[in-house]
file target20.pdb (PDB, C-alpha atoms)
ATOM      1  CA  MET A   1      85.344  80.828  87.380
ATOM      2  CA  THR A   2      83.800  82.240  90.549
ATOM      3  CA  ALA A   3      83.190  85.906  91.364
ATOM      4  CA  ALA A   4      86.266  85.960  93.612
ATOM      5  CA  ASP A   5      88.357  84.626  90.723
ATOM      6  CA  ALA A   6      87.056  87.360  88.418
ATOM      7  CA  VAL A   7      87.920  90.084  90.943
ATOM      8  CA  THR A   8      91.372  88.554  91.402
ATOM      9  CA  ALA A   9      91.961  88.376  87.640
ATOM     10  CA  VAL A  10      91.084  92.034  87.055
ATOM     11  CA  LEU A  11      93.049  93.363  90.033
ATOM     12  CA  LEU A  12      96.113  91.189  89.384
ATOM     13  CA  LEU A  13      96.361  92.201  85.736
ATOM     14  CA  ALA A  14      95.817  95.881  86.568
ATOM     15  CA  GLY A  15      98.456  95.740  89.302
ATOM     16  CA  ALA A  16     101.031  93.950  87.177
ATOM     17  CA  GLY A  17     100.256  96.416  84.364
ATOM     18  CA  PHE A  18     100.937  99.362  86.649
ATOM     19  CA  CYS A  19     104.241  97.784  87.742
ATOM     20  CA  ALA A  20     105.263  97.291  84.099
ATOM     21  CA  VAL A  21     104.299 100.849  83.101
ATOM     22  CA  GLY A  22     106.208 102.249  86.084
ATOM     23  CA  ALA A  23     109.285 100.259  85.137
ATOM     24  CA  LEU A  24     108.959 101.475  81.538
ATOM     25  CA  GLY A  25     108.891 105.055  82.825
ATOM     26  CA  MET A  26     111.938 104.351  84.966
ATOM     27  CA  LEU A  27     113.754 103.135  81.891
ATOM     28  CA  ARG A  28     112.670 105.905  79.524
ATOM     29  CA  PHE A  29     112.420 109.133  81.553
ATOM     30  CA  PRO A  30     115.289 111.594  80.995
ATOM     31  CA  ASP A  31     116.385 112.650  84.500
ATOM     32  CA  LEU A  32     116.665 111.273  88.021
ATOM     33  CA  LEU A  33     113.702 113.066  89.572
ATOM     34  CA  SER A  34     111.220 112.039  86.872
ATOM     35  CA  ARG A  35     112.532 108.485  87.052
ATOM     36  CA  LEU A  36     112.045 108.610  90.818
ATOM     37  CA  HIS A  37     108.442 109.648  90.205
ATOM     38  CA  ALA A  38     107.913 106.678  87.884
ATOM     39  CA  ALA A  39     109.627 104.391  90.376
ATOM     40  CA  THR A  40     107.449 105.294  93.351
ATOM     41  CA  LYS A  41     103.833 105.920  92.445
ATOM     42  CA  PRO A  42     102.976 103.310  89.784
ATOM     43  CA  GLN A  43     104.923 100.662  91.722
ATOM     44  CA  THR A  44     103.000 101.412  94.907
ATOM     45  CA  ILE A  45      99.563 101.317  93.272
ATOM     46  CA  GLY A  46     100.655  98.204  91.352
ATOM     47  CA  LEU A  47     101.664  96.390  94.528
ATOM     48  CA  LEU A  48      98.462  97.499  96.283
ATOM     49  CA  LEU A  49      96.319  96.177  93.396
ATOM     50  CA  VAL A  50      98.211  92.861  93.314
ATOM     51  CA  LEU A  51      97.758  92.440  97.083
ATOM     52  CA  ALA A  52      94.068  93.414  96.817
ATOM     53  CA  GLY A  53      93.721  90.861  94.041
ATOM     54  CA  LEU A  54      95.166  88.133  96.241
ATOM     55  CA  ALA A  55      92.939  88.866  99.230
ATOM     56  CA  PRO A  56      89.804  87.165  97.720
ATOM     57  CA  GLN A  57      91.872  83.978  97.219
ATOM     58  CA  ALA A  58      92.752  83.661 100.914
ATOM     59  CA  ASP A  59      90.953  80.989 102.928
ATOM     60  CA  SER A  60      90.292  83.205 105.926
ATOM     61  CA  VAL A  61      90.586  86.810 107.049
ATOM     62  CA  ALA A  62      93.535  85.836 109.245
ATOM     63  CA  SER A  63      95.588  84.516 106.325
ATOM     64  CA  SER A  64      95.157  87.750 104.368
ATOM     65  CA  THR A  65      96.240  89.994 107.254
ATOM     66  CA  PRO A  66      99.960  89.921 106.271
ATOM     67  CA  LEU A  67      98.908  91.235 102.841
ATOM     68  CA  LEU A  68      97.297  94.238 104.547
ATOM     69  CA  LEU A  69     100.472  94.695 106.590
ATOM     70  CA  VAL A  70     102.614  94.751 103.425
ATOM     71  CA  ALA A  71     100.216  97.233 101.790
ATOM     72  CA  VAL A  72     100.262  99.640 104.750
ATOM     73  CA  PHE A  73     104.013  99.296 105.026
ATOM     74  CA  GLN A  74     104.505 100.070 101.342
ATOM     75  CA  LEU A  75     102.279 103.153 101.633
ATOM     76  CA  ILE A  76     104.394 104.422 104.540
ATOM     77  CA  THR A  77     107.848 103.601 103.182
ATOM     78  CA  ALA A  78     107.588 104.503  99.474
ATOM     79  CA  PRO A  79     107.378 108.299 100.065
ATOM     80  CA  VAL A  80     110.129 108.108 102.695
ATOM     81  CA  THR A  81     112.444 106.258 100.304
ATOM     82  CA  ALA A  82     111.733 108.627  97.413
ATOM     83  CA  GLN A  83     112.215 111.681  99.626
ATOM     84  CA  THR A  84     115.488 110.314 101.013
ATOM     85  CA  ILE A  85     116.919 109.427  97.601
ATOM     86  CA  ALA A  86     115.839 112.747  96.047
ATOM     87  CA  GLY A  87     117.240 114.742  98.977
ATOM     88  CA  ALA A  88     120.503 112.809  98.949
ATOM     89  CA  ALA A  89     120.843 113.238  95.183
ATOM     90  CA  TYR A  90     120.191 116.967  95.506
ATOM     91  CA  ARG A  91     122.801 117.352  98.245
ATOM     92  CA  ALA A  92     125.259 115.317  96.197
ATOM     93  CA  GLY A  93     124.730 117.696  93.270
ATOM     94  CA  VAL A  94     123.368 115.053  90.902
ATOM     95  CA  VAL A  95     120.130 116.985  90.259
ATOM     96  CA  ASP A  96     120.409 119.636  87.565
ATOM     97  CA  PRO A  97     118.900 122.847  89.071
ATOM     98  CA  ALA A  98     117.743 123.890  85.592
ATOM     99  CA  THR A  99     115.176 121.047  85.618
ATOM    100  CA  LEU A 100     113.530 122.354  88.820
ATOM    101  CA  THR A 101     110.563 124.689  88.518
ATOM    102  CA  LEU A 102     110.705 125.631  92.183
ATOM    103  CA  ASP A 103     113.583 125.146  94.611
ATOM    104  CA  GLU A 104     112.777 125.851  98.266
ATOM    105  CA  THR A 105     115.861 124.226  99.770
ATOM    106  CA  ASP A 106     118.488 126.237 101.652
ATOM    107  CA  ARG A 107     121.012 125.961  98.879
ATOM    108  CA  ALA A 108     118.865 127.730  96.316
ATOM    109  CA  THR A 109     120.532 130.913  95.150
TER     110      THR A 109
ATOM    111  CA  MET B   1      92.930  81.402  86.084
ATOM    112  CA  SER B   2      96.330  80.065  85.119
ATOM    113  CA  ILE B   3      96.349  82.357  82.070
ATOM    114  CA  VAL B   4      95.808  85.345  84.366
ATOM    115  CA  TYR B   5      98.647  84.258  86.643
ATOM    116  CA  THR B   6     100.958  83.702  83.683
ATOM    117  CA  ALA B   7     100.104  87.105  82.198
ATOM    118  CA  ALA B   8     100.617  88.857  85.548
ATOM    119  CA  LEU B   9     103.958  87.116  86.073
ATOM    120  CA  ALA B  10     105.003  87.993  82.505
ATOM    121  CA  LEU B  11     104.198  91.689  83.093
ATOM    122  CA  LEU B  12     106.111  91.631  86.378
ATOM    123  CA  GLY B  13     108.994  89.876  84.633
ATOM    124  CA  ALA B  14     109.079  92.587  81.971
ATOM    125  CA  ALA B  15     109.082  95.224  84.705
ATOM    126  CA  PHE B  16     111.906  93.348  86.444
ATOM    127  CA  LEU B  17     113.985  93.342  83.234
ATOM    128  CA  MET B  18     113.416  97.058  82.566
ATOM    129  CA  THR B  19     114.333  97.933  86.136
ATOM    130  CA  GLY B  20     117.400  95.717  85.817
ATOM    131  CA  ALA B  21     118.401  97.657  82.693
ATOM    132  CA  ARG B  22     118.159 100.899  84.690
ATOM    133  CA  LEU B  23     120.228  99.292  87.457
ATOM    134  CA  VAL B  24     122.986  98.432  84.987
ATOM    135  CA  ARG B  25     122.833 101.733  83.086
ATOM    136  CA  GLY B  26     122.843 104.088  86.070
ATOM    137  CA  PRO B  27     124.052 106.716  85.367
ATOM    138  CA  SER B  28     124.266 107.976  88.975
ATOM    139  CA  THR B  29     124.482 105.913  92.166
ATOM    140  CA  PHE B  30     121.036 107.226  93.112
ATOM    141  CA  ASP B  31     119.488 105.733  89.964
ATOM    142  CA  ARG B  32     120.914 102.377  91.007
ATOM    143  CA  ILE B  33     119.661 102.674  94.590
ATOM    144  CA  MET B  34     116.216 103.574  93.243
ATOM    145  CA  ALA B  35     116.289 100.624  90.828
ATOM    146  CA  LEU B  36     117.220  98.235  93.653
ATOM    147  CA  ASP B  37     114.343  99.575  95.745
ATOM    148  CA  VAL B  38     111.915  98.987  92.867
ATOM    149  CA  LEU B  39     113.341  95.485  92.371
ATOM    150  CA  ALA B  40     112.452  94.713  96.001
ATOM    151  CA  VAL B  41     108.874  95.944  95.444
ATOM    152  CA  LEU B  42     108.590  93.905  92.234
ATOM    153  CA  LEU B  43     109.937  90.884  94.102
ATOM    154  CA  VAL B  44     107.199  91.312  96.704
ATOM    155  CA  SER B  45     104.561  91.521  93.934
ATOM    156  CA  GLY B  46     106.006  88.464  92.190
ATOM    157  CA  ILE B  47     106.096  86.352  95.351
ATOM    158  CA  ALA B  48     102.546  87.494  96.140
ATOM    159  CA  VAL B  49     101.323  86.258  92.752
ATOM    160  CA  HIS B  50     103.283  83.030  93.181
ATOM    161  CA  THR B  51     101.624  82.565  96.582
ATOM    162  CA  ALA B  52      98.249  82.616  94.815
ATOM    163  CA  VAL B  53      99.474  80.197  92.138
ATOM    164  CA  VAL B  54     100.586  77.521  94.603
ATOM    165  CA  GLU B  55      97.713  78.350  96.994
ATOM    166  CA  GLU B  56      99.907  78.687 100.008
ATOM    167  CA  THR B  57      99.767  81.422 102.659
ATOM    168  CA  ALA B  58     102.963  80.830 104.660
ATOM    169  CA  ASN B  59     104.808  82.996 102.119
ATOM    170  CA  ALA B  60     103.030  86.112 103.374
ATOM    171  CA  THR B  61     105.614  86.537 106.144
ATOM    172  CA  ILE B  62     108.383  86.574 103.534
ATOM    173  CA  LEU B  63     106.648  89.509 101.833
ATOM    174  CA  VAL B  64     106.801  91.590 105.010
ATOM    175  CA  VAL B  65     110.477  90.766 105.522
ATOM    176  CA  ILE B  66     111.509  91.599 101.936
ATOM    177  CA  ALA B  67     109.540  94.869 102.010
ATOM    178  CA  LEU B  68     111.275  95.847 105.276
ATOM    179  CA  MET B  69     114.746  94.904 104.017
ATOM    180  CA  GLY B  70     114.231  96.828 100.765
ATOM    181  CA  PHE B  71     113.198  99.961 102.649
ATOM    182  CA  VAL B  72     116.020  99.903 105.193
ATOM    183  CA  GLY B  73     118.523  99.036 102.461
ATOM    184  CA  SER B  74     117.675 101.836 100.060
ATOM    185  CA  VAL B  75     117.372 104.526 102.750
ATOM    186  CA  SER B  76     120.750 103.701 104.268
ATOM    187  CA  ALA B  77     122.380 103.355 100.839
ATOM    188  CA  ALA B  78     121.038 106.795  99.851
ATOM    189  CA  HIS B  79     122.456 108.334 103.031
ATOM    190  CA  LEU B  80     125.844 106.674 102.471
ATOM    191  CA  ALA B  81     126.009 107.782  98.823
ATOM    192  CA  ALA B  82     125.148 111.369  99.791
ATOM    193  CA  ALA B  83     127.776 111.398 102.536
ATOM    194  CA  ARG B  84     130.386 110.091 100.108
ATOM    195  CA  ALA B  85     129.506 112.719  97.506
ATOM    196  CA  GLU B  86     129.715 115.509 100.093
ATOM    197  CA  ARG B  87     133.084 114.273 101.324
ATOM    198  CA  ARG B  88     134.380 114.278  97.754
ATOM    199  CA  GLU B  89     133.059 117.804  97.296
ATOM    200  CA  ARG B  90     134.940 119.100 100.351
ATOM    201  CA  ALA B  91     138.188 117.373  99.416
TER     202      ALA B  91
END

call {"tool": "encode", "arguments": {"input": "target20.pdb", "output": "structure tokens"}}
result
Amino acid sequence: MTAADAVTAVLLLAGAGFCAVGALGMLRFPDLLSRLHAATKPQTIGLLLVLAGLAPQADSVASSTPLLLVAVFQLITAPVTAQTIAGAAYRAGVVDPATLTLDETDRAT
Amino acid sequence: MSIVYTAALALLGAAFLMTGARLVRGPSTFDRIMALDVLAVLLVSGIAVHTAVVEETANATILVVIALMGFVGSVSAAHLAAARAERRERA
């Protein structure tokens, strides 16, 4: 087992662990917004760790560039997706206002 | 190394199953959209690990495509679901 393999092993297991914990939170949390939290952040860090774990296994820098692309893309899109879903759910009236500590949207009364 | 790959794939598989349970259970459309989005991310992670297992790099392009499709899909689905809910509210 080389040093690169050791780095890969640690990062891969940590990343997959984060993905599993995030999914567990998605399954167990009581309301939509907390589930959305569990769906976004642990999944993103999990994917980033998995991709970082794969980078040492690549033959050249060029072959690991798509991994970097996926990582950057995930960092950009995950907040956008979460924001869109949360906003849409709020407008659709799925979110219970009683669960919000602070509501700065226009509809707040 | 193969033990590490197996363990990572097992963890991702467990995550996939739990997310699938959320997808089936709902209860709202937005939970399902969110679950589908997470499934896409998990799919990317799984294919990435598989790429390392078979020591092949051509798969990396597939990762980019799936990540893009997942993003566009969930954002447009969320907009459609919100529009439908608002229409029902007005009616």

call {"tool": "closest_residue", "arguments": {"input": "target20.pdb", "among": "B:Gly26, B:Val64, B:Val54, B:Arg32", "to": "chain A", "atoms": "all atoms listed in the file"}}
result
B:Val64

call {"tool": "closest_atom_pairs", "arguments": {"input": "target20.pdb", "of": "chain B", "to": "chain A", "cutoff": "7 Å", "atoms": "all atoms listed in the file", "output": "JSON lines"}}
result
{"residue": "B:Val4", "atom": "CA", "partner": "A:Ala9", "partner_atom": "CA", "distance": 5.9}
{"residue": "B:Ala8", "atom": "CA", "partner": "A:Ala16", "partner_atom": "CA", "distance": 5.4}
{"residue": "B:Leu11", "atom": "CA", "partner": "A:Ala16", "partner_atom": "CA", "distance": 5.6}
{"residue": "B:Leu12", "atom": "CA", "partner": "A:Ala16", "partner_atom": "CA", "distance": 5.6}
{"residue": "B:Ala14", "atom": "CA", "partner": "A:Ala20", "partner_atom": "CA", "distance": 6.4}
{"residue": "B:Ala15", "atom": "CA", "partner": "A:Ala20", "partner_atom": "CA", "distance": 4.4}
{"residue": "B:Met18", "atom": "CA", "partner": "A:Ala23", "partner_atom": "CA", "distance": 5.8}
{"residue": "B:Thr19", "atom": "CA", "partner": "A:Ala23", "partner_atom": "CA", "distance": 5.6}
{"residue": "B:Arg22", "atom": "CA", "partner": "A:Leu27", "partner_atom": "CA", "distance": 5.7}
{"residue": "B:Phe30", "atom": "CA", "partner": "A:Ala89", "partner_atom": "CA", "distance": 6.4}
{"residue": "B:Asp31", "atom": "CA", "partner": "A:Leu32", "partner_atom": "CA", "distance": 6.5}
{"residue": "B:Met34", "atom": "CA", "partner": "A:Leu36", "partner_atom": "CA", "distance": 7.0}
{"residue": "B:Val38", "atom": "CA", "partner": "A:Ala39", "partner_atom": "CA", "distance": 6.4}
{"residue": "B:Ser45", "atom": "CA", "partner": "A:Leu47", "partner_atom": "CA", "distance": 5.7}
{"residue": "B:Ala48", "atom": "CA", "partner": "A:Leu51", "partner_atom": "CA", "distance": 6.9}
{"residue": "B:Ala52", "atom": "CA", "partner": "A:Leu54", "partner_atom": "CA", "distance": 6.5}
{"residue": "B:Thr57", "atom": "CA", "partner": "A:Ser63", "partner_atom": "CA", "distance": 6.4}
{"residue": "B:Ala60", "atom": "CA", "partner": "A:Pro66", "partner_atom": "CA", "distance": 5.7}
{"residue": "B:Thr61", "atom": "CA", "partner": "A:Pro66", "partner_atom": "CA", "distance": 6.6}
{"residue": "B:Leu63", "atom": "CA", "partner": "A:Val70", "partner_atom": "CA", "distance": 6.8}
{"residue": "B:Val64", "atom": "CA", "partner": "A:Val70", "partner_atom": "CA", "distance": 5.5}
{"residue": "B:Phe71", "atom": "CA", "partner": "A:Thr77", "partner_atom": "CA", "distance": 6.5}
{"residue": "B:Ser74", "atom": "CA", "partner": "A:Thr81", "partner_atom": "CA", "distance": 6.9}
{"residue": "B:Val75", "atom": "CA", "partner": "A:Thr81", "partner_atom": "CA", "distance": 5.8}
{"residue": "B:Ala78", "atom": "CA", "partner": "A:Ile85", "partner_atom": "CA", "distance": 5.4}
{"residue": "B:His79", "atom": "CA", "partner": "A:Ala88", "partner_atom": "CA", "distance": 6.4}
{"residue": "B:Ala82", "atom": "CA", "partner": "A:Ala88", "partner_atom": "CA", "distance": 4.9}
{"residue": "B:Ala85", "atom": "CA", "partner": "A:Ala92", "partner_atom": "CA", "distance": 5.1}
{"residue": "B:Glu86", "atom": "CA", "partner": "A:Ala92", "partner_atom": "CA", "distance": 5.9}

call {"tool": "closest_residue", "arguments": {"input": "target20.pdb", "among": "B:Ala77, B:Leu68, B:Leu23, B:Ala7", "to": "Leu39 of chain B", "atoms": "only C-alpha atoms"}}
result
B:Leu23

call {"tool": "axis_aligned_box", "arguments": {"input": "target20.pdb", "around": "segment 49-66 of chain B", "padding_each_side": "5 Å", "output": "AutoDock Vina command-line options"}}
result
--center_x 104.6 --center_y 84.6 --center_z 99.1 --size_x 23.8 --size_y 24.1 --size_z 24.0

call {"tool": "closest_residue", "arguments": {"input": "target20.pdb", "among": "B:Leu36, B:Leu9, B:Leu17, B:Leu80", "to": "Val49 of chain B", "atoms": "all atoms listed in the file"}}
result
B:Leu9

call {"tool": "atom_distance", "arguments": {"input": "target20.pdb", "atom1": "atom CA of Leu42 of chain B", "atom2": "atom CA of Val72 of chain A"}}
result
16.1 Å

call {"tool": "atom_distance", "arguments": {"input": "target20.pdb", "atom1": "atom CA of Leu102 of chain A", "atom2": "atom CA of Pro30 of chain A"}}
result
18.5 Å

call {"tool": "atom_distance", "arguments": {"input": "target20.pdb", "atom1": "atom CA of Ala67 of chain B", "atom2": "atom CA of Val41 of chain B"}}
result
6.7 Å
